[in-house]
$ cat data.txt   # compact mmCIF, C-alpha atoms
# COMPACT_ATOMS: atom_id res chain seq x y z
CA MET A 1 79.14 86.10 81.37
CA ASN A 2 76.31 87.71 83.28
CA PHE A 3 77.02 88.54 86.93
CA GLY A 4 73.48 89.82 87.44
CA LYS A 5 71.86 93.22 87.15
CA VAL A 6 73.05 94.96 90.32
CA VAL A 7 76.58 94.14 91.40
CA THR A 8 77.57 96.08 94.51
CA ALA A 9 81.12 97.33 94.94
CA MET A 10 81.25 96.45 98.62
CA VAL A 11 82.73 98.68 101.30
CA THR A 12 85.27 97.23 103.72
CA PRO A 13 84.07 97.48 107.34
CA PHE A 14 86.63 98.72 109.86
CA ASN A 15 86.59 98.67 113.65
CA GLU A 16 87.72 101.52 115.90
CA GLN A 17 91.34 100.45 115.44
CA GLN A 18 90.91 100.72 111.66
CA GLU A 19 91.34 96.97 111.21
CA ILE A 20 88.96 94.88 109.12
CA ASP A 21 85.85 94.04 111.15
CA TYR A 22 84.85 90.54 110.03
CA GLU A 23 81.74 90.36 112.20
CA ALA A 24 80.50 93.56 110.60
CA LEU A 25 81.48 92.16 107.20
CA ASP A 26 79.23 89.14 107.77
CA GLN A 27 76.31 91.42 108.62
CA LEU A 28 77.01 93.60 105.59
CA ILE A 29 77.09 90.62 103.23
CA GLU A 30 73.73 89.40 104.54
CA HIS A 31 72.30 92.90 104.19
CA LEU A 32 73.44 93.14 100.57
CA ILE A 33 72.15 89.69 99.63
CA GLU A 34 68.77 90.52 101.17
CA ASN A 35 68.58 93.94 99.53
CA GLY A 36 69.10 93.52 95.82
CA SER A 37 72.74 92.62 95.20
CA ASP A 38 73.32 89.91 92.59
CA GLY A 39 77.07 90.02 93.12
CA LEU A 40 79.80 91.68 95.15
CA VAL A 41 83.05 93.31 94.13
CA VAL A 42 85.47 92.87 97.02
CA ALA A 43 88.44 95.20 97.56
CA GLY A 44 87.58 97.54 94.74
CA THR A 45 87.84 101.31 94.97
CA THR A 46 84.73 101.43 97.16
CA GLY A 47 86.38 98.84 99.38
CA GLU A 48 89.26 101.30 99.87
CA SER A 49 91.67 99.08 97.96
CA PRO A 50 94.48 101.68 97.94
CA THR A 51 94.67 101.38 101.74
CA LEU A 52 94.50 97.57 101.88
CA SER A 53 97.54 95.30 101.86
CA ASP A 54 97.55 92.23 99.61
CA GLU A 55 97.28 90.10 102.75
CA GLU A 56 94.15 91.99 103.81
CA LYS A 57 92.67 91.65 100.33
CA LEU A 58 93.21 87.90 100.25
CA ALA A 59 91.69 87.55 103.72
CA LEU A 60 88.66 89.54 102.52
CA PHE A 61 88.31 87.34 99.43
CA SER A 62 88.46 84.11 101.46
CA HIS A 63 86.06 85.31 104.14
CA THR A 64 83.54 86.67 101.64
CA VAL A 65 83.57 83.48 99.57
CA GLN A 66 82.90 81.39 102.67
CA LYS A 67 80.12 83.66 103.92
CA VAL A 68 78.40 84.02 100.54
CA ASN A 69 78.58 80.25 100.04
CA GLY A 70 77.57 80.36 96.38
CA ARG A 71 74.45 82.47 96.85
CA ILE A 72 75.71 85.33 94.64
CA SER A 73 78.88 85.98 92.68
CA VAL A 74 82.07 87.23 94.34
CA ILE A 75 84.41 89.30 92.18
CA ALA A 76 87.87 90.07 93.54
CA GLY A 77 89.51 93.41 92.83
CA THR A 78 93.05 92.35 91.89
CA GLY A 79 94.14 94.99 89.38
CA SER A 80 96.92 97.51 89.81
CA ASN A 81 99.31 99.52 87.68
CA GLN A 82 101.91 96.77 87.89
CA THR A 83 101.30 93.81 85.61
CA LYS A 84 103.51 91.41 87.57
CA GLY A 85 101.83 92.38 90.84
CA SER A 86 98.36 92.04 89.31
CA ILE A 87 99.24 88.54 88.14
CA ALA A 88 100.47 87.49 91.57
CA LEU A 89 97.38 88.79 93.37
CA SER A 90 95.01 87.38 90.74
CA GLN A 91 96.58 83.93 91.01
CA ALA A 92 96.39 84.06 94.79
CA ALA A 93 92.76 85.24 94.61
CA GLU A 94 91.90 82.32 92.35
CA LYS A 95 92.91 79.93 95.14
CA THR A 96 90.41 81.56 97.53
CA GLY A 97 87.46 80.42 95.40
CA VAL A 98 86.25 83.76 94.04
CA ASP A 99 84.05 83.61 90.95
CA ALA A 100 85.90 86.25 88.93
CA ILE A 101 88.43 89.06 89.14
CA MET A 102 88.15 92.72 88.28
CA LEU A 103 91.13 94.52 86.76
CA VAL A 104 91.27 98.30 86.91
CA THR A 105 92.95 100.31 84.19
CA PRO A 106 96.59 100.90 85.26
CA TYR A 107 96.82 104.27 86.95
CA TYR A 108 99.57 106.89 87.15
CA ASN A 109 101.98 105.37 84.61
CA LYS A 110 99.53 106.13 81.76
CA PRO A 111 100.15 103.28 79.28
CA SER A 112 99.17 103.44 75.61
CA GLN A 113 96.17 101.53 74.26
CA ASP A 114 98.52 98.78 73.06
CA GLY A 115 100.09 98.73 76.53
CA LEU A 116 96.65 98.42 78.10
CA TYR A 117 95.77 95.55 75.78
CA GLU A 118 98.96 93.67 76.62
CA HIS A 119 98.52 94.32 80.36
CA PHE A 120 94.97 93.00 80.51
CA LYS A 121 95.63 90.06 78.20
CA THR A 122 98.73 89.03 80.13
CA VAL A 123 96.92 89.07 83.47
CA ALA A 124 93.87 87.28 82.02
CA ASP A 125 96.08 84.59 80.51
CA SER A 126 97.62 83.92 83.93
CA VAL A 127 94.36 82.67 85.49
CA GLN A 128 91.36 80.50 84.61
CA LEU A 129 88.87 82.91 86.19
CA PRO A 130 86.50 85.19 84.25
CA VAL A 131 87.78 88.77 84.08
CA MET A 132 85.84 92.02 84.35
CA LEU A 133 87.69 95.07 83.05
CA TYR A 134 87.26 98.35 84.95
CA ASN A 135 87.60 101.69 83.19
CA VAL A 136 87.49 104.71 85.49
CA PRO A 137 89.43 107.56 83.85
CA GLY A 138 88.43 110.07 86.51
CA ARG A 139 90.57 108.13 88.99
CA THR A 140 93.30 106.66 86.75
CA SER A 141 93.91 109.43 84.17
CA VAL A 142 93.79 106.68 81.52
CA ASP A 143 90.75 105.99 79.35
CA LEU A 144 90.35 102.48 77.94
CA ALA A 145 89.16 103.03 74.36
CA ALA A 146 86.12 101.19 73.02
CA GLU A 147 88.29 99.73 70.27
CA THR A 148 90.65 98.25 72.88
CA VAL A 149 87.75 96.76 74.84
CA ILE A 150 86.34 95.21 71.67
CA ARG A 151 89.77 93.73 70.94
CA LEU A 152 90.10 92.41 74.50
CA SER A 153 86.64 90.85 74.38
CA ALA A 154 88.10 88.23 72.02
CA VAL A 155 90.25 86.91 74.89
CA ASP A 156 88.39 83.84 76.14
CA ASN A 157 88.09 84.73 79.81
CA ILE A 158 87.65 88.52 79.48
CA VAL A 159 83.88 88.55 79.79
CA ALA A 160 82.73 91.98 80.99
CA ILE A 161 83.56 95.61 81.60
CA LYS A 162 82.56 98.09 84.24
CA ASP A 163 82.77 101.43 82.46
CA ALA A 164 82.75 104.55 84.63
CA SER A 165 83.76 106.95 81.89
CA GLY A 166 80.28 108.46 81.67
CA ASN A 167 80.61 108.27 77.87
CA MET A 168 77.36 106.94 76.46
CA ASP A 169 78.76 106.75 72.93
CA LYS A 170 81.45 104.41 74.23
CA ILE A 171 78.95 102.20 76.04
CA THR A 172 76.86 102.05 72.86
CA GLU A 173 79.85 101.08 70.74
CA MET A 174 81.06 98.41 73.15
CA ALA A 175 77.60 96.88 73.48
CA ALA A 176 77.09 96.89 69.72
CA GLN A 177 80.46 95.50 68.69
CA THR A 178 81.16 92.80 71.27
CA ASP A 179 79.79 89.27 71.28
CA ALA A 180 76.56 88.58 73.16
CA SER A 181 78.59 86.68 75.76
CA PHE A 182 80.41 89.90 76.73
CA SER A 183 78.61 92.05 79.30
CA VAL A 184 78.80 95.83 79.53
CA TYR A 185 78.05 97.31 82.96
CA SER A 186 77.67 100.95 83.82
CA GLY A 187 80.05 102.10 86.52
CA GLU A 188 78.07 105.27 87.20
CA ASP A 189 74.97 104.81 89.35
CA ALA A 190 73.21 107.86 87.97
CA LEU A 191 73.66 106.56 84.40
CA THR A 192 72.21 103.11 85.03
CA LEU A 193 68.96 103.71 83.17
CA PRO A 194 70.48 105.57 80.19
CA SER A 195 73.13 102.87 79.92
CA LEU A 196 70.49 100.14 79.76
CA ALA A 197 68.86 102.01 76.91
CA VAL A 198 72.02 101.78 74.78
CA GLY A 199 72.92 98.18 75.54
CA ALA A 200 74.41 97.79 79.04
CA ILE A 201 73.03 94.90 81.08
CA GLY A 202 73.33 96.37 84.56
CA ILE A 203 75.32 98.39 87.06
CA VAL A 204 78.35 97.88 89.28
CA SER A 205 77.08 100.10 92.02
CA VAL A 206 77.96 102.02 95.17
CA SER A 207 74.36 103.06 95.82
CA GLY A 208 73.30 99.41 95.82
CA HIS A 209 74.32 99.35 99.48
CA VAL A 210 71.27 101.47 100.35
CA ILE A 211 68.90 101.36 97.35
CA GLY A 212 69.66 97.97 95.82
CA ASN A 213 66.02 96.88 95.74
CA GLU A 214 64.95 100.13 94.10
CA MET A 215 67.64 99.74 91.46
CA GLN A 216 66.49 96.19 90.77
CA GLU A 217 62.91 97.46 90.46
CA MET A 218 64.00 100.15 88.01
CA ILE A 219 65.94 97.71 85.83
CA ALA A 220 63.09 95.20 85.85
CA ALA A 221 60.59 97.88 84.85
CA TYR A 222 62.78 98.95 81.94
CA GLU A 223 63.30 95.38 80.74
CA GLN A 224 59.55 94.74 80.90
CA GLY A 225 58.91 97.76 78.69
CA ALA A 226 57.53 99.96 81.49
CA VAL A 227 59.80 102.81 80.53
CA LYS A 228 57.82 105.54 82.26
CA LYS A 229 57.80 103.55 85.50
CA ALA A 230 61.55 103.02 85.20
CA ALA A 231 62.04 106.74 84.62
CA SER A 232 59.90 107.56 87.64
CA ILE A 233 61.99 105.27 89.87
CA HIS A 234 65.18 106.80 88.46
CA GLN A 235 63.92 110.28 89.26
CA ARG A 236 63.03 109.22 92.80
CA ILE A 237 66.36 107.60 93.64
CA LEU A 238 68.68 109.95 91.72
CA PRO A 239 69.19 112.35 94.68
CA VAL A 240 70.45 109.46 96.81
CA MET A 241 72.77 108.30 94.02
CA GLN A 242 74.18 111.80 93.74
CA GLU A 243 74.63 112.10 97.49
CA MET A 244 76.75 108.94 97.53
CA PHE A 245 79.40 110.94 95.66
CA ALA A 246 78.95 114.35 97.27
CA ALA A 247 82.16 113.65 99.24
CA PRO A 248 85.02 111.29 98.41
CA SER A 249 83.65 107.74 98.22
CA PRO A 250 83.09 105.60 100.22
CA ALA A 251 82.62 108.06 103.11
CA PRO A 252 78.99 108.89 102.16
CA VAL A 253 77.86 105.31 101.64
CA LYS A 254 79.52 104.19 104.87
CA ALA A 255 77.71 107.00 106.69
CA ALA A 256 74.42 105.92 105.08
CA LEU A 257 74.94 102.31 106.13
CA ASN A 258 75.82 103.31 109.70
CA ARG A 259 72.71 105.51 109.81
CA ASN A 260 70.58 102.58 108.68
CA GLY A 261 71.93 100.23 111.33
CA VAL A 262 74.43 98.36 109.13
CA HIS A 263 77.55 99.24 111.07
CA VAL A 264 80.66 99.40 108.88
CA GLY A 265 82.76 101.95 110.76
CA GLY A 266 84.69 104.79 109.22
CA VAL A 267 87.22 105.26 106.43
CA ARG A 268 90.99 104.99 106.47
CA LEU A 269 93.20 108.00 105.87
CA PRO A 270 93.74 109.79 103.57
CA LEU A 271 89.93 109.74 103.36
CA LEU A 272 87.89 111.48 106.05
CA PRO A 273 84.41 110.85 107.46
CA LEU A 274 81.62 113.23 106.54
CA ASN A 275 81.53 116.51 108.41
CA ASP A 276 78.33 117.68 110.11
CA GLU A 277 77.10 119.64 107.09
CA GLN A 278 77.68 116.72 104.73
CA LEU A 279 76.03 114.30 107.13
CA GLN A 280 72.99 116.55 107.45
CA ALA A 281 72.61 116.71 103.66
CA LEU A 282 72.90 112.93 103.38
CA ASN A 283 70.34 112.32 106.11
CA HIS A 284 67.96 114.74 104.43
CA LYS A 285 68.13 112.91 101.08
CA LEU A 286 67.69 109.52 102.71
CA ALA A 287 64.73 110.77 104.77
CA LEU A 288 63.03 112.15 101.66
CA LEU A 289 63.39 108.79 99.91
CA GLU A 290 61.94 106.97 102.92
CA GLN A 291 58.91 109.26 102.90
CA VAL A 292 57.95 108.26 99.36
CA LYS A 293 58.49 104.52 99.69

$ encode --input "data.txt" --output "structure tokens"
Amino acid sequence: MNFGKVVTAMVTPFNEQQEIDYEALDQLIEHLIENGSDGLVVAGTTGESPTLSDEEKLALFSHTVQKVNGRISVIAGTGSNQTKGSIALSQAAEKTGVDAIMLVTPYYNKPSQDGLYEHFKTVADSVQLPVMLYNVPGRTSVDLAAETVIRLSAVDNIVAIKDASGNMDKITEMAAQTDASFSVYSGEDALTLPSLAVGAIGIVSVSGHVIGNEMQEMIAAYEQGAVKKAASIHQRILPVMQEMFAAPSPAPVKAALNRNGVHVGGVRLPLLPLNDEQLQALNHKLALLEQVK
């Protein structure tokens, strides 16, 4: 299943009381639809999922589905390191009308590859929705092997993976050895273009909040065979991509959105907003990009 080329892992807007700001969420969704997002991941890592209760997540899923109203895909982040809990949240998310779920590799308890296979298959079997796997070893301390992904791709409703391992050999192997109906997405903004070159179909992005149109332009240029143009766009937007991760995410991208008039508030503890030095560096990179548009 193809969720599009640029799927944005959406931030969760908060008000001054650190509660979800649904008016700001509506504005953010419209901004993302108008600026290059083919789909949204709701309550993923970028949405500060570790700080959200299940009740908050389900409210976010329902609200986003209603606001999007079928215009782009809505993917619910329902994974955890507890299989039973992932099943319960996934089944509840299915009732909200989301288009798919995303399941992160179980963190902290460090299961084996066979354990990972059984976890993902068990959760996928509990719902009718399409499933996107999410491998992010830098956060989970567990790396989902290419062989395990290839094995999981045979499960009917496991249709895609977001791979944030940064391992191009792995992306190549998964793209080469899975069926054409299985989609491999980069989970690293800065590796979008190299990942396309070895078989990925797009990016699940943080930077899409601020440079979604540029990322779409880069992908389109590559697919049309204008490789030098794609490389030029990549070179131009890479500093912004890097700046989005210069401090713990999503603090930088929330600061960038606030700067650009898309007000999403701050981050919940234990994350912190950017300090003055970090904010100055971010503003500098964004200003440079604006000068060359």

$ atom_distance --input "data.txt" --atom1 "CA of Val68 (chain A)" --atom2 "CA of Pro13 (chain A)"
16.1 Å

$ closest_residue --input "data.txt" --among "A:Leu58, A:Leu288, A:Leu89, A:Met168" --to "Arg236 (chain A)" --atoms "all atoms listed in the file"
A:Leu288

$ closest_residue --input "data.txt" --among "A:Ala230, A:Val262, A:Ile237, A:Val41" --to "Met10 (chain A)" --atoms "all atoms listed in the file"
A:Val41

$ closest_residue --input "data.txt" --among "A:Pro111, A:Gly202, A:Gly265, A:Gly187" --to "Ala9 (chain A)" --atoms "all atoms listed in the file"
A:Gly187

$ residues_near_point --input "data.txt" --point "(68.2, 102.2, 83.1)" --cutoff "7 Å" --atoms "all atoms listed in the file" --output "ChimeraX atom specification"
/A:192-197,218-219,222

$ write_last_selection --input "data.txt" --atoms "C-alpha atoms" --output "mmCIF file, in the frame of the given file"
data_model
loop_
_atom_site.group_PDB
_atom_site.id
_atom_site.type_symbol
_atom_site.label_atom_id
_atom_site.label_comp_id
_atom_site.auth_asym_id
_atom_site.auth_seq_id
_atom_site.Cartn_x
_atom_site.Cartn_y
_atom_site.Cartn_z
ATOM 1 C CA THR A 192 72.210 103.110 85.030
ATOM 2 C CA LEU A 193 68.960 103.710 83.170
ATOM 3 C CA PRO A 194 70.480 105.570 80.190
ATOM 4 C CA SER A 195 73.130 102.870 79.920
ATOM 5 C CA LEU A 196 70.490 100.140 79.760
ATOM 6 C CA ALA A 197 68.860 102.010 76.910
ATOM 7 C CA MET A 218 64.000 100.150 88.010
ATOM 8 C CA ILE A 219 65.940 97.710 85.830
ATOM 9 C CA TYR A 222 62.780 98.950 81.940
#

$ closest_residue --input "data.txt" --among "A:Ser126, A:Ser249, A:Ser90, A:Thr140" --to "Pro270 (chain A)" --atoms "all atoms listed in the file"
A:Ser249

$ closest_residue --input "data.txt" --among "A:Thr96, A:Ala251, A:Asn35, A:Asp21" --to "Glu217 (chain A)" --atoms "only C-alpha atoms"
A:Asn35

$ residues_around --input "data.txt" --residues "Leu40 (chain A)" --least-positions-apart "5" --cutoff "6 Å" --atoms "all atoms listed in the file" --output "PyMOL selection string"
chain A and resi 7-9+74-75

$ residues_around --input "data.txt" --residues "Pro273 (chain A)" --least-positions-apart "3" --cutoff "10 Å" --atoms "all atoms listed in the file" --output "list of chain:residue names"
A:Ala247, A:Pro248, A:Ser249, A:Pro250, A:Ala251, A:Pro252, A:Lys254, A:Ala255, A:Gly265, A:Gly266, A:Val267, A:Arg268, A:Leu269, A:Asp276, A:Gln278, A:Leu279

$ residues_near_point --input "data.txt" --point "(93.1, 79.8, 94.6)" --cutoff "12 Å" --atoms "all atoms listed in the file" --output "ChimeraX atom specification"
/A:58,61-62,65,76,88-101,127-129

$ write_last_selection --input "data.txt" --atoms "C-alpha atoms" --output "PDB file, in the coordinates of the input"
ATOM      1  CA  LEU A  58      93.210  87.900 100.250  1.00  0.00           C
ATOM      2  CA  PHE A  61      88.310  87.340  99.430  1.00  0.00           C
ATOM      3  CA  SER A  62      88.460  84.110 101.460  1.00  0.00           C
ATOM      4  CA  VAL A  65      83.570  83.480  99.570  1.00  0.00           C
ATOM      5  CA  ALA A  76      87.870  90.070  93.540  1.00  0.00           C
ATOM      6  CA  ALA A  88     100.470  87.490  91.570  1.00  0.00           C
ATOM      7  CA  LEU A  89      97.380  88.790  93.370  1.00  0.00           C
ATOM      8  CA  SER A  90      95.010  87.380  90.740  1.00  0.00           C
ATOM      9  CA  GLN A  91      96.580  83.930  91.010  1.00  0.00           C
ATOM     10  CA  ALA A  92      96.390  84.060  94.790  1.00  0.00           C
ATOM     11  CA  ALA A  93      92.760  85.240  94.610  1.00  0.00           C
ATOM     12  CA  GLU A  94      91.900  82.320  92.350  1.00  0.00           C
ATOM     13  CA  LYS A  95      92.910  79.930  95.140  1.00  0.00           C
ATOM     14  CA  THR A  96      90.410  81.560  97.530  1.00  0.00           C
ATOM     15  CA  GLY A  97      87.460  80.420  95.400  1.00  0.00           C
ATOM     16  CA  VAL A  98      86.250  83.760  94.040  1.00  0.00           C
ATOM     17  CA  ASP A  99      84.050  83.610  90.950  1.00  0.00           C
ATOM     18  CA  ALA A 100      85.900  86.250  88.930  1.00  0.00           C
ATOM     19  CA  ILE A 101      88.430  89.060  89.140  1.00  0.00           C
ATOM     20  CA  VAL A 127      94.360  82.670  85.490  1.00  0.00           C
ATOM     21  CA  GLN A 128      91.360  80.500  84.610  1.00  0.00           C
ATOM     22  CA  LEU A 129      88.870  82.910  86.190  1.00  0.00           C
TER      23      LEU A 129
END

$ atom_distance --input "data.txt" --atom1 "CA of Lys67 (chain A)" --atom2 "CA of Leu25 (chain A)"
9.2 Å

$ closest_residue --input "data.txt" --among "A:Leu52, A:Ile33, A:Ala226, A:Ala281" --to "Asn69 (chain A)" --atoms "all atoms listed in the file"
A:Ile33

$ residues_around --input "data.txt" --residues "Arg139 (chain A)" --least-positions-apart "2" --cutoff "10 Å" --atoms "all atoms listed in the file" --output "PDB file with C-alpha atoms, keeping the file's coordinate frame"
ATOM      1  CA  THR A  45      87.840 101.310  94.970  1.00  0.00           C
ATOM      2  CA  THR A 105      92.950 100.310  84.190  1.00  0.00           C
ATOM      3  CA  TYR A 107      96.820 104.270  86.950  1.00  0.00           C
ATOM      4  CA  TYR A 108      99.570 106.890  87.150  1.00  0.00           C
ATOM      5  CA  ASN A 135      87.600 101.690  83.190  1.00  0.00           C
ATOM      6  CA  VAL A 136      87.490 104.710  85.490  1.00  0.00           C
ATOM      7  CA  PRO A 137      89.430 107.560  83.850  1.00  0.00           C
ATOM      8  CA  SER A 141      93.910 109.430  84.170  1.00  0.00           C
ATOM      9  CA  VAL A 142      93.790 106.680  81.520  1.00  0.00           C
ATOM     10  CA  ASP A 143      90.750 105.990  79.350  1.00  0.00           C
ATOM     11  CA  ALA A 164      82.750 104.550  84.630  1.00  0.00           C
ATOM     12  CA  SER A 165      83.760 106.950  81.890  1.00  0.00           C
TER      13      SER A 165
END

$ residues_around --input "data.txt" --residues "Asp26 (chain A)" --least-positions-apart "2" --cutoff "10 Å" --atoms "only C-alpha atoms" --output "compact mmCIF listing (two decimals) with C-alpha atoms, in the frame of the given file"
# COMPACT_ATOMS: atom_id res chain seq x y z
CA PRO A 13 84.07 97.48 107.34
CA ASP A 21 85.85 94.04 111.15
CA TYR A 22 84.85 90.54 110.03
CA GLU A 23 81.74 90.36 112.20
CA ALA A 24 80.50 93.56 110.60
CA LEU A 28 77.01 93.60 105.59
CA ILE A 29 77.09 90.62 103.23
CA GLU A 30 73.73 89.40 104.54
CA HIS A 31 72.30 92.90 104.19
CA HIS A 63 86.06 85.31 104.14
CA THR A 64 83.54 86.67 101.64
CA GLN A 66 82.90 81.39 102.67
CA LYS A 67 80.12 83.66 103.92
CA VAL A 68 78.40 84.02 100.54

$ atom_distance --input "data.txt" --atom1 "CA of Pro106 (chain A)" --atom2 "CA of Lys121 (chain A)"
13.0 Å

$ residues_around --input "data.txt" --residues "Asp189 (chain A)" --least-positions-apart "6" --cutoff "9 Å" --atoms "all atoms listed in the file" --output "list in words"
Ile203, Val204, Ser205, Val206, Ser207, Gly208, Leu238, Met241 and Gln242 of chain A
